>>> print(open('structure_1.cif').read())   # mmCIF, C-alpha atoms
data_start
#
loop_
_atom_site.label_atom_id
_atom_site.label_comp_id
_atom_site.auth_asym_id
_atom_site.auth_seq_id
_atom_site.Cartn_x
_atom_site.Cartn_y
_atom_site.Cartn_z
CA MET A 931 -52.39 0.12 -0.03
CA ASN A 932 -52.22 3.85 -0.55
CA TRP A 933 -50.62 4.31 2.91
CA ALA A 934 -47.42 2.63 1.66
CA SER A 935 -45.81 5.90 0.54
CA TRP A 936 -42.21 6.04 1.70
CA SER A 937 -41.93 9.87 1.89
CA ASP A 938 -41.72 10.72 5.59
CA PHE A 939 -39.64 11.14 8.72
CA PHE A 940 -39.12 8.02 10.82
CA ALA A 941 -37.52 6.78 14.00
CA MET A 942 -36.28 3.25 14.69
CA GLY A 943 -35.28 1.24 17.71
CA GLY A 944 -33.60 -2.11 17.28
CA TYR A 945 -30.96 -4.63 18.20
CA ALA A 946 -28.08 -6.10 16.24
CA PHE A 947 -25.15 -8.40 16.75
CA ASP A 948 -21.67 -8.74 15.36
CA SER A 949 -20.30 -12.18 14.68
CA SER A 950 -16.59 -11.39 14.33
CA ASP A 951 -15.78 -10.19 17.86
CA GLY A 952 -18.91 -11.13 19.75
CA GLY A 953 -21.38 -8.88 21.46
CA GLY A 954 -24.35 -6.78 20.67
CA PHE A 955 -25.67 -3.26 20.45
CA GLY A 956 -28.98 -1.47 20.62
CA GLY A 957 -29.97 2.04 19.74
CA GLY A 958 -32.04 4.18 17.46
CA THR A 959 -32.24 5.78 14.03
CA ILE A 960 -33.81 8.94 12.72
CA GLY A 961 -34.09 9.78 9.07
CA TYR A 962 -36.04 11.06 6.13
CA ASN A 963 -37.17 9.35 2.92
CA TRP A 964 -38.34 11.00 -0.28
CA GLN A 965 -40.39 9.29 -3.00
CA ALA A 966 -41.69 11.26 -5.99
CA PRO A 967 -45.41 10.73 -6.69
CA GLY A 968 -45.85 7.78 -9.04
CA SER A 969 -42.20 6.71 -8.74
CA GLN A 970 -40.90 3.48 -7.26
CA PHE A 971 -37.52 5.03 -6.38
CA VAL A 972 -36.89 6.13 -2.79
CA PHE A 973 -34.00 8.31 -1.59
CA GLY A 974 -33.18 8.93 2.05
CA ILE A 975 -30.75 9.81 4.80
CA GLU A 976 -30.35 8.06 8.17
CA ILE A 977 -28.45 8.89 11.35
CA ASP A 978 -28.08 6.15 13.93
CA ALA A 979 -26.32 5.67 17.25
CA ALA A 980 -26.10 2.73 19.63
CA GLY A 981 -24.58 1.67 22.90
CA ALA A 982 -22.50 -1.46 22.38
CA SER A 983 -20.66 -4.29 24.04
CA ILE A 984 -18.68 -5.77 21.15
CA LYS A 985 -15.44 -7.13 22.52
CA ASP A 986 -12.51 -9.46 22.15
CA SER A 987 -10.18 -10.43 24.98
CA GLN A 988 -6.96 -12.41 25.27
CA THR A 989 -5.41 -13.84 28.45
CA ALA A 990 -1.83 -14.99 28.92
CA ILE A 991 0.44 -15.96 31.80
CA ILE A 992 3.84 -14.29 31.67
CA GLY A 993 6.09 -15.55 34.44
CA ASN A 994 3.61 -16.04 37.29
CA VAL A 995 1.44 -13.04 36.36
CA LEU A 996 -1.92 -13.33 34.57
CA PHE A 997 -2.36 -10.63 31.88
CA THR A 998 -5.69 -9.88 30.20
CA ALA A 999 -6.03 -7.55 27.22
CA GLU A 1000 -9.52 -6.45 26.15
CA ASP A 1001 -10.60 -4.52 23.06
CA LYS A 1002 -14.20 -3.23 23.38
CA ILE A 1003 -16.47 -1.07 21.22
CA ASN A 1004 -18.67 0.86 23.69
CA ALA A 1005 -20.72 2.87 21.17
CA LEU A 1006 -21.10 3.19 17.42
CA GLY A 1007 -23.08 5.03 14.82
CA SER A 1008 -23.34 6.20 11.25
CA VAL A 1009 -24.67 8.83 8.87
CA THR A 1010 -25.74 7.18 5.63
CA GLY A 1011 -27.57 7.88 2.43
CA ARG A 1012 -29.90 5.24 1.10
CA VAL A 1013 -31.49 4.51 -2.25
CA GLY A 1014 -34.20 1.94 -2.77
CA ILE A 1015 -36.95 0.53 -4.90
CA ALA A 1016 -40.45 0.40 -3.43
CA ALA A 1017 -42.74 -2.49 -4.32
CA ASN A 1018 -46.01 -1.48 -2.63
CA ALA A 1019 -45.44 -2.07 1.09
CA ALA A 1020 -41.86 -3.39 0.64
CA LEU A 1021 -38.72 -1.31 0.22
CA PHE A 1022 -35.47 -2.91 -0.98
CA TYR A 1023 -32.50 -0.60 -0.42
CA ALA A 1024 -28.73 -0.09 -0.44
CA LYS A 1025 -26.99 2.40 1.84
CA GLY A 1026 -23.57 3.70 2.70
CA GLY A 1027 -21.71 6.55 4.36
CA TYR A 1028 -19.72 7.66 7.39
CA ALA A 1029 -19.29 5.37 10.43
CA TRP A 1030 -17.72 5.87 13.87
CA ALA A 1031 -17.07 3.76 16.97
CA ASN A 1032 -15.86 4.58 20.49
CA ASN A 1033 -13.33 1.88 21.33
CA GLU A 1034 -11.58 1.14 24.64
CA LEU A 1035 -8.42 -0.91 24.97
CA SER A 1036 -7.43 -2.16 28.44
CA LEU A 1037 -4.68 -4.29 29.98
CA SER A 1038 -5.09 -5.90 33.41
CA ALA A 1039 -2.45 -7.65 35.51
CA GLY A 1040 -1.96 -8.22 39.24
CA GLY A 1041 -5.16 -6.37 40.16
CA LEU A 1042 -4.21 -3.22 38.19
CA THR A 1043 -5.86 -2.04 34.97
CA VAL A 1044 -4.72 0.58 32.49
CA SER A 1045 -6.90 1.70 29.59
CA ASP A 1046 -7.18 4.19 26.77
CA SER A 1047 -10.12 4.99 24.48
CA HIS A 1048 -10.52 6.70 21.11
CA VAL A 1049 -13.18 7.38 18.51
CA HIS A 1050 -12.42 5.61 15.24
CA SER A 1051 -13.86 6.95 11.95
CA GLY A 1052 -14.47 5.10 8.72
CA TYR A 1053 -17.21 3.99 6.36
CA THR A 1054 -20.11 1.55 6.25
CA VAL A 1055 -21.97 -0.03 3.31
CA GLY A 1056 -24.81 -2.50 3.08
CA GLY A 1057 -28.46 -2.97 2.32
CA GLY A 1058 -31.71 -4.41 3.49
CA VAL A 1059 -35.43 -4.73 3.21
CA GLU A 1060 -38.16 -2.82 5.01
CA TYR A 1061 -41.84 -3.75 5.05
CA MET A 1062 -44.65 -1.34 5.98
CA PHE A 1063 -47.14 -3.50 7.90
CA ALA A 1064 -49.44 -0.66 9.08
CA PRO A 1065 -50.00 2.98 8.01
CA ASN A 1066 -47.19 4.36 10.23
CA TRP A 1067 -45.20 1.22 11.08
CA SER A 1068 -42.54 -0.81 9.29
CA ALA A 1069 -40.13 -3.58 10.17
CA LYS A 1070 -36.64 -3.83 8.71
CA ALA A 1071 -33.63 -6.12 8.51
CA GLU A 1072 -30.28 -5.03 7.11
CA TYR A 1073 -26.70 -6.17 6.72
CA MET A 1074 -23.85 -3.65 7.12
CA PHE A 1075 -20.09 -3.92 6.59
CA THR A 1076 -18.02 -1.37 8.57
CA HIS A 1077 -14.36 -0.37 8.14
CA LEU A 1078 -12.74 1.84 10.81
CA GLU A 1079 -9.35 3.56 10.60
CA SER A 1080 -6.48 3.06 13.05
CA GLN A 1081 -5.76 5.11 16.19
CA THR A 1082 -2.72 5.35 18.47
CA TYR A 1083 -3.33 4.00 21.99
CA THR A 1084 -1.11 4.52 25.03
CA LEU A 1085 -1.09 1.89 27.80
CA ALA A 1086 1.32 2.18 30.76
CA GLY A 1087 3.34 4.77 28.84
CA ILE A 1088 3.73 2.62 25.72
CA ALA A 1089 2.15 3.94 22.49
CA PHE A 1090 1.10 1.63 19.68
CA ASP A 1091 -1.06 1.63 16.57
CA SER A 1092 -4.37 -0.26 16.83
CA GLY A 1093 -4.58 -1.16 13.16
CA THR A 1094 -7.79 -0.91 11.17
CA ALA A 1095 -10.96 -2.68 12.30
CA GLU A 1096 -13.58 -4.33 10.11
CA PHE A 1097 -16.80 -6.04 11.13
CA SER A 1098 -20.16 -7.10 9.77
CA SER A 1099 -23.47 -6.67 11.53
CA VAL A 1100 -27.11 -7.53 11.06
CA LYS A 1101 -29.74 -5.11 12.36
CA VAL A 1102 -33.42 -5.65 12.89
CA GLY A 1103 -35.84 -2.96 13.95
CA ILE A 1104 -39.26 -1.41 13.99
CA ASN A 1105 -39.75 2.07 12.49
CA TYR A 1106 -42.47 4.58 13.26
CA HIS A 1107 -43.15 6.91 10.29
CA PHE A 1108 -44.25 10.51 10.98
CA LYS A 1109 -46.60 11.27 8.08
#
>>> encode(input="structure_1.cif", output="structure tokens")
Amino acid sequence: MNWASWSDFFAMGGYAFDSSDGGGFGGGTIGYNWQAPGSQFVFGIEIDAAGASIKDSQTAIIGNVLFTAEDKINALGSVTGRVGIAANAALFYAKGGYAWANNELSLSAGGLTVSDSHVHSGYTVGGGVEYMFAPNWSAKAEYMFTHLESQTYTLAGIAFDSGTAEFSSVKVGINYHFK
């Protein structure tokens, strides 16, 4: 399969889920891979972004009032480097780099809702496998661990620290390679 060179630009669309908070996200990736002629080593960079609905909510009754607090990641993305080993049409890789997420925290009670949102920054690491099933097409599956730093949120005039956030995700996708 001489078309299984991994040196090219590519774009990906896919879907993933997070098991810790619940929810999903879908988006796209662009990137570039480089593979020296005759080498099995592949080096690359990827930039991805996704709309998300990863959330956790808690409800409590205080007095006779129902309170609901919701923590929701609305969007996320990363800029990562990747290094891999090509075995003909398969690429096994590890990757890591910068990660971000737009998070919204809201509190609802008695028909009123207050909310605040911030972008959290951090890092992501993981790896996966990609298989080139046609000259310009590949499928991939990867696992990523993400750690995001804390932000200060203000709800109804009260400021508090969100604490760090960590979650794992599994992505699947189809890439088109621009050769």
>>> closest_residue(input="structure_1.cif", among="A:Phe971, A:Tyr1023, A:Trp1030, A:Trp964", to="His1077 of chain A", atoms="only C-alpha atoms")
A:Trp1030
>>> closest_residue(input="structure_1.cif", among="A:Thr1054, A:Ser1098, A:Gln970, A:Ser1008", to="Ala1024 of chain A", atoms="only C-alpha atoms")
A:Thr1054
>>> resolve_selection(input="structure_1.cif", expression="the PyMOL selection byres ((chain A and resi 1021) around 10)", output="ChimeraX atom specification")
/A:934,936,970-972,1013-1020,1022-1023,1058-1062,1068,1070
>>> residues_around(input="structure_1.cif", residues="Val1044 of chain A", least_positions_apart="6", cutoff="9 Å", atoms="all atoms listed in the file", output="PyMOL selection string")
chain A and resi 1035-1038+1085-1086
>>> closest_residue(input="structure_1.cif", among="A:Asp1046, A:Asp1001, A:Glu1072, A:Asp978", to="Ala1095 of chain A", atoms="all atoms listed in the file")
A:Asp1001
>>> resolve_selection(input="structure_1.cif", expression="the PyMOL selection byres ((chain A and resi 1039) around 8)", output="MDAnalysis selection string")
chainID A and resid 995:998 1037:1038 1040:1043
>>> resolve_selection(input="structure_1.cif", expression="the PyMOL selection byres ((chain A and resi 1104) around 6)", output="list in words")
Met942, Ser1068, Ala1069, Gly1103 and Asn1105 of chain A
>>> residues_near_point(input="structure_1.cif", point="(-6.0, -2.3, 13.4)", cutoff="12 Å", atoms="all atoms listed in the file", output="PyMOL selection string")
chain A and resi 1001+1033+1035+1050+1077-1083+1090-1097
>>> write_last_selection(input="structure_1.cif", atoms="C-alpha atoms", output="PDB file, in the coordinates of the input")
ATOM      1  CA  ASP A1001     -10.600  -4.520  23.060  1.00  0.00           C
ATOM      2  CA  ASN A1033     -13.330   1.880  21.330  1.00  0.00           C
ATOM      3  CA  LEU A1035      -8.420  -0.910  24.970  1.00  0.00           C
ATOM      4  CA  HIS A1050     -12.420   5.610  15.240  1.00  0.00           C
ATOM      5  CA  HIS A1077     -14.360  -0.370   8.140  1.00  0.00           C
ATOM      6  CA  LEU A1078     -12.740   1.840  10.810  1.00  0.00           C
ATOM      7  CA  GLU A1079      -9.350   3.560  10.600  1.00  0.00           C
ATOM      8  CA  SER A1080      -6.480   3.060  13.050  1.00  0.00           C
ATOM      9  CA  GLN A1081      -5.760   5.110  16.190  1.00  0.00           C
ATOM     10  CA  THR A1082      -2.720   5.350  18.470  1.00  0.00           C
ATOM     11  CA  TYR A1083      -3.330   4.000  21.990  1.00  0.00           C
ATOM     12  CA  PHE A1090       1.100   1.630  19.680  1.00  0.00           C
ATOM     13  CA  ASP A1091      -1.060   1.630  16.570  1.00  0.00           C
ATOM     14  CA  SER A1092      -4.370  -0.260  16.830  1.00  0.00           C
ATOM     15  CA  GLY A1093      -4.580  -1.160  13.160  1.00  0.00           C
ATOM     16  CA  THR A1094      -7.790  -0.910  11.170  1.00  0.00           C
ATOM     17  CA  ALA A1095     -10.960  -2.680  12.300  1.00  0.00           C
ATOM     18  CA  GLU A1096     -13.580  -4.330  10.110  1.00  0.00           C
ATOM     19  CA  PHE A1097     -16.800  -6.040  11.130  1.00  0.00           C
TER      20      PHE A1097
END
>>> atom_distance(input="structure_1.cif", atom1="atom CA of Met1074 of chain A", atom2="atom CA of Ser1099 of chain A")
5.4 Å
>>> atom_distance(input="structure_1.cif", atom1="atom CA of Lys1109 of chain A", atom2="atom CA of Tyr962 of chain A")
10.7 Å
>>> atom_distance(input="structure_1.cif", atom1="atom CA of Gly1027 of chain A", atom2="atom CA of Trp1067 of chain A")
25.0 Å
>>> closest_residue(input="structure_1.cif", among="A:Ser1047, A:Gly961, A:Ala1071, A:Gly1052", to="Glu1000 of chain A", atoms="only C-alpha atoms")
A:Ser1047
>>> decode(input="structure_1.cif", residues="segment 1051-1086 of chain A", atoms="N, CA, C and O atoms", output="PDB file, in the first residue's frame")
ATOM      1  N   SER A1051      -8.096  26.672  31.450  1.00  0.00           N
ATOM      2  CA  SER A1051      -6.945  26.169  30.689  1.00  0.00           C
ATOM      3  C   SER A1051      -6.291  25.042  31.457  1.00  0.00           C
ATOM      4  O   SER A1051      -6.379  24.977  32.682  1.00  0.00           O
ATOM      5  N   GLY A1052      -5.593  24.184  30.720  1.00  0.00           N
ATOM      6  CA  GLY A1052      -4.893  23.079  31.350  1.00  0.00           C
ATOM      7  C   GLY A1052      -4.127  22.270  30.329  1.00  0.00           C
ATOM      8  O   GLY A1052      -3.616  22.808  29.350  1.00  0.00           O
ATOM      9  N   TYR A1053      -4.070  20.959  30.563  1.00  0.00           N
ATOM     10  CA  TYR A1053      -3.330  20.085  29.656  1.00  0.00           C
ATOM     11  C   TYR A1053      -4.147  18.831  29.355  1.00  0.00           C
ATOM     12  O   TYR A1053      -5.088  18.490  30.073  1.00  0.00           O
ATOM     13  N   THR A1054      -3.760  18.144  28.294  1.00  0.00           N
ATOM     14  CA  THR A1054      -4.380  16.876  27.928  1.00  0.00           C
ATOM     15  C   THR A1054      -3.288  15.933  27.432  1.00  0.00           C
ATOM     16  O   THR A1054      -2.319  16.371  26.796  1.00  0.00           O
ATOM     17  N   VAL A1055      -3.414  14.656  27.759  1.00  0.00           N
ATOM     18  CA  VAL A1055      -2.486  13.610  27.298  1.00  0.00           C
ATOM     19  C   VAL A1055      -3.282  12.364  26.949  1.00  0.00           C
ATOM     20  O   VAL A1055      -4.343  12.112  27.527  1.00  0.00           O
ATOM     21  N   GLY A1056      -2.765  11.591  26.022  1.00  0.00           N
ATOM     22  CA  GLY A1056      -3.441  10.346  25.656  1.00  0.00           C
ATOM     23  C   GLY A1056      -2.785   9.692  24.463  1.00  0.00           C
ATOM     24  O   GLY A1056      -1.622   9.930  24.152  1.00  0.00           O
ATOM     25  N   GLY A1057      -3.566   8.879  23.784  1.00  0.00           N
ATOM     26  CA  GLY A1057      -3.042   8.174  22.624  1.00  0.00           C
ATOM     27  C   GLY A1057      -4.151   7.451  21.898  1.00  0.00           C
ATOM     28  O   GLY A1057      -5.302   7.437  22.335  1.00  0.00           O
ATOM     29  N   GLY A1058      -3.781   6.866  20.774  1.00  0.00           N
ATOM     30  CA  GLY A1058      -4.788   6.167  19.992  1.00  0.00           C
ATOM     31  C   GLY A1058      -4.202   5.419  18.829  1.00  0.00           C
ATOM     32  O   GLY A1058      -2.990   5.249  18.703  1.00  0.00           O
ATOM     33  N   VAL A1059      -5.114   4.989  17.974  1.00  0.00           N
ATOM     34  CA  VAL A1059      -4.757   4.275  16.758  1.00  0.00           C
ATOM     35  C   VAL A1059      -5.569   4.858  15.607  1.00  0.00           C
ATOM     36  O   VAL A1059      -6.732   5.232  15.784  1.00  0.00           O
ATOM     37  N   GLU A1060      -4.909   4.979  14.459  1.00  0.00           N
ATOM     38  CA  GLU A1060      -5.560   5.481  13.259  1.00  0.00           C
ATOM     39  C   GLU A1060      -5.258   4.491  12.139  1.00  0.00           C
ATOM     40  O   GLU A1060      -4.137   3.982  12.040  1.00  0.00           O
ATOM     41  N   TYR A1061      -6.247   4.206  11.314  1.00  0.00           N
ATOM     42  CA  TYR A1061      -6.081   3.240  10.230  1.00  0.00           C
ATOM     43  C   TYR A1061      -6.508   3.861   8.907  1.00  0.00           C
ATOM     44  O   TYR A1061      -7.641   4.336   8.778  1.00  0.00           O
ATOM     45  N   MET A1062      -5.594   3.884   7.931  1.00  0.00           N
ATOM     46  CA  MET A1062      -5.883   4.445   6.617  1.00  0.00           C
ATOM     47  C   MET A1062      -6.547   3.356   5.766  1.00  0.00           C
ATOM     48  O   MET A1062      -5.902   2.411   5.350  1.00  0.00           O
ATOM     49  N   PHE A1063      -7.854   3.510   5.539  1.00  0.00           N
ATOM     50  CA  PHE A1063      -8.615   2.483   4.822  1.00  0.00           C
ATOM     51  C   PHE A1063      -8.804   2.788   3.346  1.00  0.00           C
ATOM     52  O   PHE A1063      -9.318   1.954   2.597  1.00  0.00           O
ATOM     53  N   ALA A1064      -8.388   3.949   2.879  1.00  0.00           N
ATOM     54  CA  ALA A1064      -8.436   4.344   1.469  1.00  0.00           C
ATOM     55  C   ALA A1064      -7.344   5.390   1.268  1.00  0.00           C
ATOM     56  O   ALA A1064      -6.804   5.925   2.248  1.00  0.00           O
ATOM     57  N   PRO A1065      -6.977   5.727   0.018  1.00  0.00           N
ATOM     58  CA  PRO A1065      -5.862   6.642  -0.207  1.00  0.00           C
ATOM     59  C   PRO A1065      -5.932   7.967   0.564  1.00  0.00           C
ATOM     60  O   PRO A1065      -4.915   8.467   1.001  1.00  0.00           O
ATOM     61  N   ASN A1066      -7.083   8.546   0.772  1.00  0.00           N
ATOM     62  CA  ASN A1066      -7.179   9.824   1.482  1.00  0.00           C
ATOM     63  C   ASN A1066      -8.023   9.748   2.750  1.00  0.00           C
ATOM     64  O   ASN A1066      -8.331  10.781   3.331  1.00  0.00           O
ATOM     65  N   TRP A1067      -8.394   8.566   3.182  1.00  0.00           N
ATOM     66  CA  TRP A1067      -9.313   8.431   4.312  1.00  0.00           C
ATOM     67  C   TRP A1067      -8.744   7.518   5.401  1.00  0.00           C
ATOM     68  O   TRP A1067      -8.174   6.473   5.111  1.00  0.00           O
ATOM     69  N   SER A1068      -8.939   7.947   6.655  1.00  0.00           N
ATOM     70  CA  SER A1068      -8.565   7.109   7.794  1.00  0.00           C
ATOM     71  C   SER A1068      -9.624   7.220   8.881  1.00  0.00           C
ATOM     72  O   SER A1068     -10.368   8.199   8.942  1.00  0.00           O
ATOM     73  N   ALA A1069      -9.665   6.219   9.711  1.00  0.00           N
ATOM     74  CA  ALA A1069     -10.549   6.206  10.882  1.00  0.00           C
ATOM     75  C   ALA A1069      -9.659   6.163  12.118  1.00  0.00           C
ATOM     76  O   ALA A1069      -8.579   5.573  12.091  1.00  0.00           O
ATOM     77  N   LYS A1070     -10.107   6.819  13.203  1.00  0.00           N
ATOM     78  CA  LYS A1070      -9.286   6.807  14.407  1.00  0.00           C
ATOM     79  C   LYS A1070     -10.137   6.675  15.656  1.00  0.00           C
ATOM     80  O   LYS A1070     -11.313   7.037  15.671  1.00  0.00           O
ATOM     81  N   ALA A1071      -9.497   6.159  16.692  1.00  0.00           N
ATOM     82  CA  ALA A1071     -10.082   6.086  18.033  1.00  0.00           C
ATOM     83  C   ALA A1071      -8.971   6.458  19.003  1.00  0.00           C
ATOM     84  O   ALA A1071      -7.830   5.991  18.853  1.00  0.00           O
ATOM     85  N   GLU A1072      -9.291   7.341  19.969  1.00  0.00           N
ATOM     86  CA  GLU A1072      -8.275   7.746  20.925  1.00  0.00           C
ATOM     87  C   GLU A1072      -8.874   7.991  22.298  1.00  0.00           C
ATOM     88  O   GLU A1072     -10.044   8.342  22.427  1.00  0.00           O
ATOM     89  N   TYR A1073      -8.034   7.804  23.299  1.00  0.00           N
ATOM     90  CA  TYR A1073      -8.372   8.105  24.690  1.00  0.00           C
ATOM     91  C   TYR A1073      -7.582   9.343  25.088  1.00  0.00           C
ATOM     92  O   TYR A1073      -6.396   9.460  24.775  1.00  0.00           O
ATOM     93  N   MET A1074      -8.233  10.283  25.795  1.00  0.00           N
ATOM     94  CA  MET A1074      -7.552  11.482  26.285  1.00  0.00           C
ATOM     95  C   MET A1074      -7.923  11.733  27.750  1.00  0.00           C
ATOM     96  O   MET A1074      -9.083  11.593  28.132  1.00  0.00           O
ATOM     97  N   PHE A1075      -6.924  12.099  28.545  1.00  0.00           N
ATOM     98  CA  PHE A1075      -7.128  12.566  29.916  1.00  0.00           C
ATOM     99  C   PHE A1075      -6.906  14.077  29.897  1.00  0.00           C
ATOM    100  O   PHE A1075      -5.914  14.550  29.341  1.00  0.00           O
ATOM    101  N   THR A1076      -7.816  14.843  30.515  1.00  0.00           N
ATOM    102  CA  THR A1076      -7.719  16.303  30.530  1.00  0.00           C
ATOM    103  C   THR A1076      -7.769  16.821  31.962  1.00  0.00           C
ATOM    104  O   THR A1076      -8.601  16.383  32.756  1.00  0.00           O
ATOM    105  N   HIS A1077      -6.868  17.748  32.277  1.00  0.00           N
ATOM    106  CA  HIS A1077      -6.820  18.426  33.574  1.00  0.00           C
ATOM    107  C   HIS A1077      -6.961  19.923  33.318  1.00  0.00           C
ATOM    108  O   HIS A1077      -6.192  20.496  32.536  1.00  0.00           O
ATOM    109  N   LEU A1078      -7.937  20.563  33.969  1.00  0.00           N
ATOM    110  CA  LEU A1078      -8.188  21.993  33.799  1.00  0.00           C
ATOM    111  C   LEU A1078      -8.029  22.718  35.128  1.00  0.00           C
ATOM    112  O   LEU A1078      -8.477  22.223  36.168  1.00  0.00           O
ATOM    113  N   GLU A1079      -7.414  23.889  35.088  1.00  0.00           N
ATOM    114  CA  GLU A1079      -7.166  24.676  36.290  1.00  0.00           C
ATOM    115  C   GLU A1079      -8.439  25.372  36.777  1.00  0.00           C
ATOM    116  O   GLU A1079      -9.409  25.539  36.042  1.00  0.00           O
ATOM    117  N   SER A1080      -8.404  25.813  38.016  1.00  0.00           N
ATOM    118  CA  SER A1080      -9.526  26.456  38.688  1.00  0.00           C
ATOM    119  C   SER A1080      -9.777  27.873  38.180  1.00  0.00           C
ATOM    120  O   SER A1080      -8.875  28.526  37.654  1.00  0.00           O
ATOM    121  N   GLN A1081     -11.011  28.343  38.346  1.00  0.00           N
ATOM    122  CA  GLN A1081     -11.404  29.726  38.069  1.00  0.00           C
ATOM    123  C   GLN A1081     -12.270  30.211  39.231  1.00  0.00           C
ATOM    124  O   GLN A1081     -12.823  29.407  39.977  1.00  0.00           O
ATOM    125  N   THR A1082     -12.419  31.532  39.349  1.00  0.00           N
ATOM    126  CA  THR A1082     -13.284  32.102  40.370  1.00  0.00           C
ATOM    127  C   THR A1082     -14.614  32.498  39.731  1.00  0.00           C
ATOM    128  O   THR A1082     -14.644  33.284  38.792  1.00  0.00           O
ATOM    129  N   TYR A1083     -15.695  31.927  40.221  1.00  0.00           N
ATOM    130  CA  TYR A1083     -17.043  32.210  39.733  1.00  0.00           C
ATOM    131  C   TYR A1083     -17.765  33.105  40.733  1.00  0.00           C
ATOM    132  O   TYR A1083     -17.525  33.018  41.939  1.00  0.00           O
ATOM    133  N   THR A1084     -18.673  33.943  40.218  1.00  0.00           N
ATOM    134  CA  THR A1084     -19.494  34.804  41.066  1.00  0.00           C
ATOM    135  C   THR A1084     -20.961  34.549  40.738  1.00  0.00           C
ATOM    136  O   THR A1084     -21.396  34.762  39.604  1.00  0.00           O
ATOM    137  N   LEU A1085     -21.710  34.064  41.730  1.00  0.00           N
ATOM    138  CA  LEU A1085     -23.146  33.821  41.590  1.00  0.00           C
ATOM    139  C   LEU A1085     -23.870  34.600  42.676  1.00  0.00           C
ATOM    140  O   LEU A1085     -23.571  34.445  43.858  1.00  0.00           O
ATOM    141  N   ALA A1086     -24.818  35.445  42.269  1.00  0.00           N
ATOM    142  CA  ALA A1086     -25.609  36.267  43.200  1.00  0.00           C
ATOM    143  C   ALA A1086     -24.703  37.052  44.144  1.00  0.00           C
ATOM    144  O   ALA A1086     -24.969  37.157  45.337  1.00  0.00           O
TER     145      ALA A1086
END
